[in-house]
>>> print(open('input-v8.cif').read())   # mmCIF, C-alpha atoms and all ligand atoms
data_start
loop_
_atom_site.label_atom_id
_atom_site.label_comp_id
_atom_site.auth_asym_id
_atom_site.auth_seq_id
_atom_site.Cartn_x
_atom_site.Cartn_y
_atom_site.Cartn_z
CA MET A 1 -62.07 -22.53 -16.90
CA GLU A 2 -58.50 -23.76 -16.53
CA TYR A 3 -56.92 -24.64 -13.19
CA ASN A 4 -53.31 -25.46 -12.27
CA ILE A 5 -52.93 -28.12 -9.63
CA ALA A 6 -49.61 -29.06 -8.04
CA VAL A 7 -49.67 -32.78 -7.31
CA VAL A 8 -47.64 -34.34 -4.51
CA LYS A 9 -48.23 -38.07 -4.80
CA GLY A 10 -45.78 -38.78 -1.98
CA ASP A 11 -44.97 -42.21 -0.58
CA GLY A 12 -46.57 -45.59 0.09
CA ILE A 13 -50.09 -45.74 -1.33
CA GLY A 14 -49.88 -42.02 -2.26
CA PRO A 15 -49.13 -42.57 -5.98
CA GLU A 16 -51.87 -45.23 -6.32
CA ILE A 17 -54.68 -43.19 -4.78
CA VAL A 18 -53.69 -39.82 -6.25
CA SER A 19 -53.57 -41.28 -9.78
CA GLU A 20 -57.20 -42.35 -9.42
CA ALA A 21 -58.17 -38.91 -8.09
CA MET A 22 -56.48 -37.20 -11.06
CA LEU A 23 -58.48 -39.36 -13.46
CA VAL A 24 -61.66 -38.36 -11.62
CA LEU A 25 -60.75 -34.67 -12.03
CA ASP A 26 -60.12 -35.27 -15.75
CA LYS A 27 -63.59 -36.80 -16.03
CA VAL A 28 -65.18 -33.86 -14.18
CA GLY A 29 -63.31 -31.50 -16.50
CA GLU A 30 -64.67 -33.36 -19.56
CA LYS A 31 -68.22 -33.30 -18.24
CA PHE A 32 -68.34 -29.67 -17.09
CA GLY A 33 -65.97 -28.09 -19.62
CA HIS A 34 -62.93 -27.35 -17.42
CA LYS A 35 -59.27 -28.16 -17.89
CA PHE A 36 -57.19 -29.25 -14.93
CA HIS A 37 -53.44 -28.97 -15.53
CA PHE A 38 -51.37 -31.16 -13.21
CA GLN A 39 -47.77 -30.56 -12.28
CA GLU A 40 -46.25 -33.41 -10.29
CA VAL A 41 -43.64 -32.60 -7.64
CA LEU A 42 -41.76 -34.62 -5.05
CA ALA A 43 -42.13 -34.24 -1.28
CA GLY A 44 -41.58 -36.59 1.66
CA GLY A 45 -39.59 -39.81 1.50
CA CYS A 46 -39.34 -39.84 -2.30
CA SER A 47 -37.77 -36.37 -2.17
CA ILE A 48 -35.29 -37.53 0.49
CA ASP A 49 -34.29 -40.37 -1.85
CA LYS A 50 -33.80 -38.06 -4.82
CA ASN A 51 -32.69 -34.76 -3.25
CA GLY A 52 -31.54 -35.65 0.26
CA ILE A 53 -34.26 -33.45 1.84
CA PRO A 54 -38.04 -33.91 2.22
CA LEU A 55 -39.01 -30.59 0.64
CA THR A 56 -37.09 -28.58 -1.94
CA ASP A 57 -37.45 -24.90 -2.83
CA GLU A 58 -38.54 -26.00 -6.30
CA THR A 59 -41.48 -27.99 -4.86
CA ILE A 60 -42.43 -25.06 -2.64
CA GLU A 61 -42.31 -22.62 -5.57
CA ILE A 62 -44.47 -24.85 -7.80
CA CYS A 63 -47.01 -25.36 -5.00
CA LYS A 64 -47.11 -21.61 -4.30
CA ASN A 65 -47.69 -20.80 -7.95
CA ALA A 66 -50.41 -23.40 -8.45
CA ASP A 67 -54.11 -22.71 -7.85
CA SER A 68 -54.20 -25.56 -5.32
CA VAL A 69 -52.24 -28.57 -4.15
CA LEU A 70 -53.38 -32.21 -4.17
CA LEU A 71 -51.41 -34.44 -1.82
CA GLY A 72 -51.43 -38.20 -1.22
CA ALA A 73 -49.42 -39.03 1.89
CA VAL A 74 -45.79 -38.99 2.96
CA GLY A 75 -43.58 -41.17 5.13
CA GLY A 76 -42.93 -44.82 5.79
CA PRO A 77 -40.60 -47.20 7.62
CA LYS A 78 -37.84 -46.69 5.03
CA TRP A 79 -37.24 -43.19 6.43
CA ASP A 80 -37.87 -43.91 10.12
CA ASP A 81 -34.20 -43.56 10.99
CA VAL A 82 -33.43 -40.25 9.28
CA PRO A 83 -32.73 -37.35 11.70
CA SER A 84 -35.95 -35.71 12.91
CA ALA A 85 -35.27 -32.40 11.11
CA LYS A 86 -35.23 -34.29 7.80
CA ARG A 87 -38.16 -36.66 8.31
CA PRO A 88 -40.69 -36.97 5.47
CA GLU A 89 -43.43 -35.40 7.64
CA LYS A 90 -41.40 -32.16 7.73
CA ALA A 91 -42.50 -31.68 4.14
CA LEU A 92 -46.10 -31.22 5.32
CA LEU A 93 -45.16 -28.63 7.93
CA GLY A 94 -42.96 -26.85 5.38
CA LEU A 95 -45.75 -26.72 2.81
CA ARG A 96 -48.29 -25.52 5.40
CA ALA A 97 -45.97 -22.71 6.46
CA ALA A 98 -44.97 -21.74 2.90
CA LEU A 99 -48.59 -21.57 1.75
CA GLY A 100 -49.80 -19.79 4.93
CA LEU A 101 -52.44 -22.46 5.57
CA PHE A 102 -54.22 -21.34 8.76
CA VAL A 103 -57.38 -23.41 8.72
CA ASN A 104 -57.80 -27.15 8.52
CA LEU A 105 -61.19 -28.47 7.45
CA ARG A 106 -62.08 -32.05 8.19
CA PRO A 107 -65.50 -33.35 7.33
CA ALA A 108 -66.65 -36.37 9.29
CA GLN A 109 -69.62 -37.83 7.55
CA MET A 110 -71.23 -41.16 8.06
CA HIS A 111 -72.21 -42.69 4.75
CA LYS A 112 -75.46 -44.57 5.37
CA ALA A 113 -74.20 -47.51 3.32
CA LEU A 114 -71.28 -47.87 5.76
CA ALA A 115 -73.31 -47.58 8.96
CA ASP A 116 -72.02 -51.00 10.08
CA ALA A 117 -68.47 -49.61 10.29
CA CYS A 118 -69.54 -46.88 12.74
CA PRO A 119 -68.54 -47.80 16.28
CA ILE A 120 -71.55 -45.97 17.77
CA LYS A 121 -74.89 -47.70 18.36
CA PRO A 122 -77.49 -47.30 15.56
CA GLU A 123 -80.06 -45.77 17.96
CA ILE A 124 -77.59 -42.93 18.68
CA ILE A 125 -76.56 -42.45 15.07
CA GLY A 126 -80.14 -42.20 13.79
CA ASP A 127 -80.00 -40.70 10.31
CA GLY A 128 -76.24 -40.33 10.45
CA PHE A 129 -74.14 -37.22 10.86
CA ASP A 130 -72.27 -34.71 8.74
CA ILE A 131 -69.79 -32.63 10.73
CA LEU A 132 -67.14 -30.20 9.53
CA VAL A 133 -64.37 -29.59 12.05
CA CYS A 134 -62.71 -26.24 11.37
CA ARG A 135 -59.39 -26.23 13.24
CA GLU A 136 -57.04 -23.24 13.53
CA LEU A 137 -53.60 -24.38 12.36
CA THR A 138 -50.99 -21.72 13.02
CA GLY A 139 -51.55 -20.50 16.58
CA ASP A 140 -52.30 -21.69 20.10
CA VAL A 141 -50.01 -23.51 22.51
CA TYR A 142 -48.31 -25.35 19.61
CA PHE A 143 -46.76 -22.09 18.40
CA GLY A 144 -46.25 -20.36 21.76
CA LYS A 145 -42.92 -20.23 23.54
CA HIS A 146 -41.80 -23.68 24.80
CA TYR A 147 -39.40 -23.55 27.72
CA ARG A 148 -38.35 -24.91 31.09
CA ARG A 149 -38.17 -23.06 34.38
CA GLU A 150 -38.05 -23.62 38.11
CA SER A 151 -41.38 -24.51 39.66
CA ASP A 152 -43.07 -21.67 41.62
CA LYS A 153 -43.90 -24.26 44.27
CA GLY A 154 -40.31 -25.42 44.79
CA TRP A 155 -40.94 -28.68 42.87
CA GLY A 156 -37.89 -28.27 40.63
CA GLU A 157 -37.69 -28.37 36.85
CA THR A 158 -40.96 -27.51 35.13
CA GLY A 159 -41.99 -27.60 31.46
CA ALA A 160 -44.00 -24.63 30.20
CA ASP A 161 -45.72 -23.76 26.91
CA ASP A 162 -47.35 -20.40 26.26
CA MET A 163 -50.87 -20.53 24.88
CA ASN A 164 -51.89 -17.48 22.80
CA TYR A 165 -54.70 -16.37 20.56
CA SER A 166 -54.96 -12.86 19.21
CA VAL A 167 -58.30 -11.28 18.33
CA TYR A 168 -57.11 -11.16 14.71
CA GLU A 169 -56.48 -14.91 14.56
CA VAL A 170 -59.88 -15.73 16.07
CA GLU A 171 -61.67 -13.35 13.71
CA ARG A 172 -59.91 -14.94 10.74
CA ILE A 173 -60.83 -18.54 11.59
CA GLY A 174 -64.23 -17.56 13.00
CA ARG A 175 -65.34 -15.85 9.81
CA ARG A 176 -64.12 -18.81 7.78
CA ALA A 177 -66.23 -21.14 9.94
CA PHE A 178 -69.35 -18.98 9.48
CA GLU A 179 -68.75 -18.87 5.72
CA MET A 180 -68.50 -22.68 5.67
CA ALA A 181 -71.70 -22.98 7.69
CA MET A 182 -73.52 -20.70 5.21
CA LYS A 183 -72.67 -23.27 2.49
CA ARG A 184 -73.89 -26.14 4.70
CA ASN A 185 -76.53 -26.44 7.43
CA LYS A 186 -76.02 -22.96 8.94
CA LYS A 187 -74.93 -24.01 12.41
CA VAL A 188 -71.65 -23.11 14.15
CA CYS A 189 -70.53 -24.54 17.47
CA SER A 190 -67.47 -22.76 18.87
CA VAL A 191 -65.43 -24.93 21.23
CA ASP A 192 -63.19 -23.51 23.96
CA LYS A 193 -62.35 -23.77 27.64
CA ALA A 194 -63.45 -20.26 28.61
CA ASN A 195 -64.25 -21.33 32.18
CA VAL A 196 -60.49 -21.74 32.77
CA LEU A 197 -58.32 -20.20 30.04
CA GLU A 198 -57.80 -16.51 29.24
CA THR A 199 -56.96 -17.53 25.66
CA SER A 200 -60.43 -19.05 25.44
CA ARG A 201 -62.07 -15.95 26.90
CA VAL A 202 -60.55 -13.86 24.09
CA TRP A 203 -61.70 -16.59 21.68
CA ARG A 204 -65.27 -16.55 22.99
CA GLU A 205 -65.62 -12.74 23.16
CA THR A 206 -64.37 -12.45 19.60
CA MET A 207 -66.69 -15.18 18.31
CA HIS A 208 -69.64 -13.46 20.02
CA ARG A 209 -68.78 -10.20 18.29
CA ILE A 210 -68.50 -11.66 14.80
CA LYS A 211 -71.50 -13.98 15.06
CA ASP A 212 -73.76 -10.94 14.61
CA GLU A 213 -72.37 -10.57 11.07
CA TYR A 214 -74.02 -13.91 10.23
CA PRO A 215 -77.61 -13.65 11.54
CA GLU A 216 -78.73 -16.67 9.50
CA VAL A 217 -76.33 -18.97 11.32
CA GLU A 218 -77.38 -20.63 14.58
CA TYR A 219 -74.47 -20.15 16.99
CA THR A 220 -73.58 -22.05 20.17
CA ASP A 221 -70.58 -22.23 22.52
CA MET A 222 -69.39 -25.47 24.04
CA TYR A 223 -66.59 -26.38 26.44
CA VAL A 224 -64.10 -28.79 24.92
CA ASP A 225 -64.69 -31.54 27.50
CA ASN A 226 -68.41 -31.44 26.80
CA CYS A 227 -67.78 -31.46 23.04
CA ALA A 228 -65.61 -34.59 23.32
CA MET A 229 -68.54 -36.24 25.10
CA GLN A 230 -71.27 -34.91 22.78
CA LEU A 231 -69.44 -36.23 19.71
CA VAL A 232 -70.08 -39.78 20.85
CA ARG A 233 -73.37 -39.06 22.62
CA ASN A 234 -75.17 -37.21 19.84
CA PRO A 235 -72.96 -36.44 16.82
CA GLY A 236 -76.02 -35.52 14.73
CA GLN A 237 -76.37 -32.21 16.65
CA PHE A 238 -73.27 -30.69 14.98
CA ASP A 239 -72.76 -28.95 11.66
CA VAL A 240 -69.59 -26.80 11.79
CA ILE A 241 -67.35 -27.07 14.87
CA VAL A 242 -64.77 -24.27 15.07
CA THR A 243 -61.93 -24.48 17.52
CA GLY A 244 -58.27 -23.77 18.22
CA ASN A 245 -55.24 -25.79 17.24
CA LEU A 246 -54.89 -27.99 20.34
CA PHE A 247 -58.58 -28.80 20.87
CA GLY A 248 -59.04 -29.19 17.10
CA ASP A 249 -56.20 -31.68 16.88
CA ILE A 250 -57.97 -33.98 19.31
CA LEU A 251 -61.60 -33.37 18.32
CA SER A 252 -60.94 -33.77 14.58
CA ASP A 253 -59.43 -37.21 15.21
CA GLU A 254 -62.34 -38.17 17.42
CA ALA A 255 -64.87 -36.97 14.84
CA SER A 256 -63.05 -38.93 12.11
CA MET A 257 -62.90 -42.11 14.10
CA ILE A 258 -66.62 -42.21 14.83
CA THR A 259 -67.21 -42.64 11.09
CA GLY A 260 -65.30 -45.92 11.34
CA SER A 261 -63.55 -45.72 7.97
CA ILE A 262 -60.22 -43.95 7.65
CA GLY A 263 -59.93 -44.59 3.91
CA MET A 264 -63.01 -42.43 3.28
CA LEU A 265 -62.12 -39.12 4.93
CA PRO A 266 -60.83 -36.07 3.04
CA SER A 267 -59.35 -32.85 4.40
CA ALA A 268 -58.42 -29.36 3.31
CA SER A 269 -56.05 -26.76 4.67
CA MET A 270 -56.57 -23.24 3.34
CA ASN A 271 -54.94 -19.83 3.39
CA GLU A 272 -56.42 -16.35 3.40
CA SER A 273 -56.66 -16.13 -0.38
CA GLY A 274 -58.61 -19.40 -0.55
CA LYS A 275 -55.78 -21.52 -1.93
CA GLY A 276 -55.68 -24.92 -0.33
CA MET A 277 -53.82 -28.14 0.13
CA TYR A 278 -56.18 -31.09 -0.19
CA GLU A 279 -55.34 -34.55 1.14
CA PRO A 280 -56.84 -37.66 2.69
CA ILE A 281 -56.58 -37.78 6.49
CA HIS A 282 -54.89 -41.17 6.43
CA GLY A 283 -51.16 -41.80 6.05
CA SER A 284 -49.12 -43.65 3.45
CA ALA A 285 -50.31 -47.10 4.63
CA PRO A 286 -46.97 -48.85 3.99
CA ASP A 287 -48.55 -52.19 4.95
CA ILE A 288 -50.63 -52.21 1.77
CA ALA A 289 -48.52 -50.00 -0.54
CA GLY A 290 -47.96 -51.36 -4.04
CA LYS A 291 -50.72 -53.96 -3.73
CA GLY A 292 -53.34 -51.94 -5.60
CA ILE A 293 -55.91 -52.41 -2.82
CA ALA A 294 -55.94 -49.00 -1.11
CA ASN A 295 -59.22 -47.13 -0.94
CA PRO A 296 -58.96 -44.03 -3.19
CA ILE A 297 -62.21 -42.45 -1.92
CA ALA A 298 -60.65 -40.12 0.70
CA THR A 299 -58.41 -38.63 -1.99
CA ILE A 300 -61.25 -38.41 -4.52
CA LEU A 301 -63.42 -36.63 -1.92
CA SER A 302 -60.47 -34.30 -1.22
CA CYS A 303 -60.73 -33.26 -4.88
CA ALA A 304 -64.43 -32.51 -4.32
CA MET A 305 -63.40 -30.22 -1.44
CA MET A 306 -60.86 -28.51 -3.70
CA LEU A 307 -63.52 -27.84 -6.34
CA ARG A 308 -66.00 -26.55 -3.74
CA TYR A 309 -63.76 -24.46 -1.49
CA SER A 310 -60.88 -23.22 -3.68
CA PHE A 311 -62.49 -23.09 -7.13
CA GLY A 312 -66.13 -22.37 -6.18
CA LEU A 313 -67.32 -25.25 -8.40
CA LYS A 314 -70.28 -26.45 -6.33
CA ASP A 315 -72.05 -28.55 -8.95
CA GLU A 316 -68.82 -30.30 -9.88
CA ALA A 317 -68.08 -31.05 -6.20
CA ASP A 318 -71.62 -32.33 -5.68
CA ALA A 319 -71.22 -34.56 -8.73
CA ILE A 320 -68.15 -36.27 -7.25
CA GLU A 321 -69.78 -36.71 -3.84
CA THR A 322 -72.95 -38.13 -5.40
CA ALA A 323 -70.92 -40.51 -7.58
CA VAL A 324 -69.12 -41.84 -4.47
CA GLU A 325 -72.42 -42.19 -2.60
CA ASN A 326 -74.00 -44.08 -5.51
CA VAL A 327 -71.08 -46.48 -5.80
CA LEU A 328 -71.25 -47.21 -2.06
CA ASN A 329 -75.03 -47.56 -2.13
CA ALA A 330 -74.68 -50.09 -4.95
CA GLY A 331 -72.59 -52.18 -2.53
CA HIS A 332 -69.12 -51.71 -4.03
CA ARG A 333 -66.31 -51.91 -1.48
CA THR A 334 -62.52 -51.84 -1.22
CA ALA A 335 -60.97 -54.21 1.32
CA ASP A 336 -60.88 -51.69 4.20
CA ILE A 337 -64.66 -51.12 4.13
CA ALA A 338 -65.85 -54.56 3.02
CA ALA A 339 -67.69 -56.86 5.40
CA LYS A 340 -66.54 -60.47 5.66
CA GLY A 341 -67.28 -62.39 2.48
CA GLU A 342 -68.15 -59.25 0.45
CA LYS A 343 -66.58 -58.85 -3.00
CA VAL A 344 -63.53 -56.62 -2.80
CA LEU A 345 -62.48 -54.09 -5.48
CA SER A 346 -58.99 -52.90 -6.30
CA THR A 347 -57.99 -49.21 -6.11
CA SER A 348 -58.34 -48.79 -9.87
CA GLU A 349 -61.67 -50.67 -10.06
CA MET A 350 -63.12 -48.37 -7.38
CA GLY A 351 -61.80 -45.31 -9.24
CA ALA A 352 -63.26 -46.54 -12.53
CA LEU A 353 -66.71 -47.13 -10.99
CA ILE A 354 -66.77 -43.62 -9.55
CA ARG A 355 -65.83 -42.17 -12.96
CA GLU A 356 -68.57 -44.23 -14.60
CA GLN A 357 -71.10 -42.69 -12.21
CA LEU A 358 -69.95 -39.24 -13.31
P1 LIG B 1 -51.94 -44.91 8.06
O1 LIG B 1 -53.12 -44.00 7.98
O2 LIG B 1 -51.00 -44.86 6.93
O3 LIG B 1 -52.46 -46.41 8.20
C1 LIG B 1 -53.26 -46.88 9.30
C2 LIG B 1 -54.04 -48.14 8.85
O4 LIG B 1 -55.09 -47.74 7.98
C3 LIG B 1 -53.19 -49.14 8.08
O5 LIG B 1 -53.60 -50.44 8.40
C4 LIG B 1 -53.51 -48.86 6.63
O6 LIG B 1 -53.35 -49.96 5.77
C5 LIG B 1 -54.95 -48.38 6.71
N1 LIG B 1 -55.26 -47.41 5.65
C6 LIG B 1 -54.88 -46.10 5.63
N2 LIG B 1 -55.31 -45.53 4.50
C7 LIG B 1 -55.97 -46.47 3.81
C8 LIG B 1 -56.64 -46.49 2.55
N3 LIG B 1 -56.73 -45.40 1.76
N4 LIG B 1 -57.20 -47.65 2.13
C9 LIG B 1 -57.13 -48.74 2.91
N5 LIG B 1 -56.53 -48.81 4.10
C10 LIG B 1 -55.94 -47.67 4.55
O7 LIG B 1 -51.21 -44.59 9.45
P2 LIG B 1 -49.83 -45.13 10.01
O8 LIG B 1 -49.69 -46.59 9.68
O9 LIG B 1 -49.81 -44.69 11.41
O10 LIG B 1 -48.71 -44.32 9.24
C11 LIG B 1 -47.99 -44.81 8.11
C12 LIG B 1 -47.05 -43.73 7.61
O11 LIG B 1 -47.81 -42.62 7.14
C13 LIG B 1 -46.12 -43.18 8.69
O12 LIG B 1 -44.85 -42.96 8.11
C14 LIG B 1 -46.76 -41.87 9.08
O13 LIG B 1 -45.82 -40.95 9.57
C15 LIG B 1 -47.34 -41.41 7.76
N6 LIG B 1 -48.47 -40.49 7.89
C16 LIG B 1 -48.55 -39.52 6.93
C17 LIG B 1 -49.62 -38.66 6.95
C18 LIG B 1 -49.71 -37.63 5.85
O14 LIG B 1 -48.97 -37.70 4.89
N7 LIG B 1 -50.60 -36.66 5.97
C19 LIG B 1 -50.62 -38.76 7.92
C20 LIG B 1 -50.51 -39.79 8.85
C21 LIG B 1 -49.44 -40.65 8.83
#
>>> encode(input="input-v8.cif", output="structure tokens")
Amino acid sequence: MEYNIAVVKGDGIGPEIVSEAMLVLDKVGEKFGHKFHFQEVLAGGCSIDKNGIPLTDETIEICKNADSVLLGAVGGPKWDDVPSAKRPEKALLGLRAALGLFVNLRPAQMHKALADACPIKPEIIGDGFDILVCRELTGDVYFGKHYRRESDKGWGETGADDMNYSVYEVERIGRRAFEMAMKRNKKVCSVDKANVLETSRVWRETMHRIKDEYPEVEYTDMYVDNCAMQLVRNPGQFDVIVTGNLFGDILSDEASMITGSIGMLPSASMNESGKGMYEPIHGSAPDIAGKGIANPIATILSCAMMLRYSFGLKDEADAIETAVENVLNAGHRTADIAAKGEKVLSTSEMGALIREQL
């Protein structure tokens, strides 16, 4: 099969890590008989430098026409002083909106070989954890009306933000979460605050209705405050966590941080037709940009997610994930995940070892 991938290398370490990921895709293509066509486009700071704006119509068009988008990271101190409407990060929001990306998937997996980096005690971690946080991206209080009014209690100026979820939006993300769980360990935990919020009561009722469509999946509800606690108390209990935009924003960061290694974590944002934008969760790391020492694994694992979720290439995705696991198990490390005194690999050496494993 042939696939067209729009590539946004972006700023900082973006070009270094994405180049390694593209070589990994080439290798997968060679091994499994696929052809990945890459079309590189500008977005973020590099687009501001060339075009005066972080995202052009041309970039949007190319990304819309591609089968999926691979993105490095955007932003950096060079563009810190540009007006907020033109900041590099606006490119991400623009791409999300243009592609209709409504679900963000963030796996938080503890690689056994990196257990020392995990900030949680070994007796809690046990055999590790493998969580997929499925966050709704286009609704909730972030996209409600934001306004100011007089306080009902006579306390003067008051900020207000409307929180909304329609049944349609919950069904859409809920079904996606169940479908993900069917490809994993068949457990869905839906997180809300239904003891307080009407939005959450609609969320919960809707989830209860659609869960019957997936009898093989074990379903639970959890309040968001409890979930925040359970993630550090017993992360191994979770498979897929599905939640709204606000709670997902916080919980996905928490879930990522308990793995202890930001350079290792991929993410995907997808639309209704299954097209996605795949990117590491970390930023452009300007402090190490250009030094050739960034960890390319998060971006390489983002490619595995692209193959699995947008292209349905399970074996190919497994092959990348196994190659990464093998390289880590053999003790190879980039600077961010190396213990004191351990030999440190460059970005390209790490990429080459992963390709060798393939
Ligand atoms: P960051 O994730 O770029 O860096 C945080 C720390 O982690 C730094 O010390 C960095 O060196 C390290 N790090 C990150 N990725 C690494 C990797 N692959 N290998 C080794 N070390 C790595 O976060 P920040 O410093 O807060 O942000 C820097 C810039 O990135 C800012 O302009 C920010 O707006 C932008 N940003 C972009 C995205 C995105 O494009 N999706 C996300 C977050 C931040």
>>> closest_residue(input="input-v8.cif", among="A:Lys211, A:Val8, A:Ala181, A:Glu40", to="ligand LIG 1 (chain B)", atoms="only C-alpha atoms and all ligand atoms")
A:Val8
>>> closest_residue(input="input-v8.cif", among="A:Ala160, A:Leu246, A:Cys227, A:Ala66", to="A:Val191", atoms="all atoms listed in the file")
A:Cys227
>>> closest_residue(input="input-v8.cif", among="A:Asp287, A:Glu356, A:Glu30, A:Asp225", to="ligand LIG 1 (chain B)", atoms="all atoms listed in the file")
A:Asp287
>>> closest_residue(input="input-v8.cif", among="A:Phe32, A:Tyr165, A:Leu42, A:Arg201", to="A:Ala317", atoms="only C-alpha atoms")
A:Phe32
>>> atom_distance(input="input-v8.cif", atom1="atom CA of A:His332", atom2="atom CA of A:Ala294")
13.8 Å
>>> closest_residue(input="input-v8.cif", among="A:Met264, A:Leu251, A:Leu114, A:Ala338", to="ligand LIG 1 (chain B)", atoms="all atoms listed in the file")
A:Met264
>>> residues_near_ligand(input="input-v8.cif", ligand="ligand LIG 1 (chain B)", cutoff="7 Å", atoms="only C-alpha atoms and all ligand atoms", output="mmCIF file with C-alpha atoms, in the coordinates of the input")
data_model
loop_
_atom_site.group_PDB
_atom_site.id
_atom_site.type_symbol
_atom_site.label_atom_id
_atom_site.label_comp_id
_atom_site.auth_asym_id
_atom_site.auth_seq_id
_atom_site.Cartn_x
_atom_site.Cartn_y
_atom_site.Cartn_z
ATOM 1 C CA GLY A 72 -51.430 -38.200 -1.220
ATOM 2 C CA ALA A 73 -49.420 -39.030 1.890
ATOM 3 C CA VAL A 74 -45.790 -38.990 2.960
ATOM 4 C CA GLY A 75 -43.580 -41.170 5.130
ATOM 5 C CA GLY A 76 -42.930 -44.820 5.790
ATOM 6 C CA PRO A 77 -40.600 -47.200 7.620
ATOM 7 C CA GLU A 89 -43.430 -35.400 7.640
ATOM 8 C CA ILE A 262 -60.220 -43.950 7.650
ATOM 9 C CA GLY A 263 -59.930 -44.590 3.910
ATOM 10 C CA ILE A 281 -56.580 -37.780 6.490
ATOM 11 C CA HIS A 282 -54.890 -41.170 6.430
ATOM 12 C CA GLY A 283 -51.160 -41.800 6.050
ATOM 13 C CA SER A 284 -49.120 -43.650 3.450
ATOM 14 C CA ALA A 285 -50.310 -47.100 4.630
ATOM 15 C CA PRO A 286 -46.970 -48.850 3.990
ATOM 16 C CA ASP A 287 -48.550 -52.190 4.950
ATOM 17 C CA ILE A 288 -50.630 -52.210 1.770
ATOM 18 C CA ILE A 293 -55.910 -52.410 -2.820
ATOM 19 C CA ALA A 294 -55.940 -49.000 -1.110
ATOM 20 C CA ASN A 295 -59.220 -47.130 -0.940
ATOM 21 C CA PRO A 296 -58.960 -44.030 -3.190
ATOM 22 C CA ALA A 298 -60.650 -40.120 0.700
ATOM 23 C CA ALA A 335 -60.970 -54.210 1.320
ATOM 24 C CA ASP A 336 -60.880 -51.690 4.200
#
>>> closest_residue(input="input-v8.cif", among="A:Glu16, A:Asp315, A:Glu136, A:Glu342", to="A:Leu105", atoms="only C-alpha atoms")
A:Glu136
>>> residues_near_point(input="input-v8.cif", point="(-53.5, -23.3, -8.5)", cutoff="7 Å", atoms="all atoms listed in the file", output="PyMOL selection string")
chain A and resi 3-6+65-69
>>> write_last_selection(input="input-v8.cif", atoms="C-alpha atoms", output="mmCIF file, in the coordinates of the input")
data_model
loop_
_atom_site.group_PDB
_atom_site.id
_atom_site.type_symbol
_atom_site.label_atom_id
_atom_site.label_comp_id
_atom_site.auth_asym_id
_atom_site.auth_seq_id
_atom_site.Cartn_x
_atom_site.Cartn_y
_atom_site.Cartn_z
ATOM 1 C CA TYR A 3 -56.920 -24.640 -13.190
ATOM 2 C CA ASN A 4 -53.310 -25.460 -12.270
ATOM 3 C CA ILE A 5 -52.930 -28.120 -9.630
ATOM 4 C CA ALA A 6 -49.610 -29.060 -8.040
ATOM 5 C CA ASN A 65 -47.690 -20.800 -7.950
ATOM 6 C CA ALA A 66 -50.410 -23.400 -8.450
ATOM 7 C CA ASP A 67 -54.110 -22.710 -7.850
ATOM 8 C CA SER A 68 -54.200 -25.560 -5.320
ATOM 9 C CA VAL A 69 -52.240 -28.570 -4.150
#
>>> residues_around(input="input-v8.cif", residues="A:Asp161", least_positions_apart="6", cutoff="9 Å", atoms="only C-alpha atoms", output="number ranges by chain")
A: 141-148
>>> atom_distance(input="input-v8.cif", atom1="atom CA of A:Ser269", atom2="atom CA of A:Asp140")
16.7 Å
>>> axis_aligned_box(input="input-v8.cif", around="stretch 253-259 of chain A", padding_each_side="6 Å", output="JSON")
{"center_x": -63.3, "center_y": -39.8, "center_z": 14.3, "size_x": 19.8, "size_y": 17.7, "size_z": 18.3}
>>> atom_distance(input="input-v8.cif", atom1="atom CA of A:Asn226", atom2="atom CA of A:Pro280")
27.5 Å
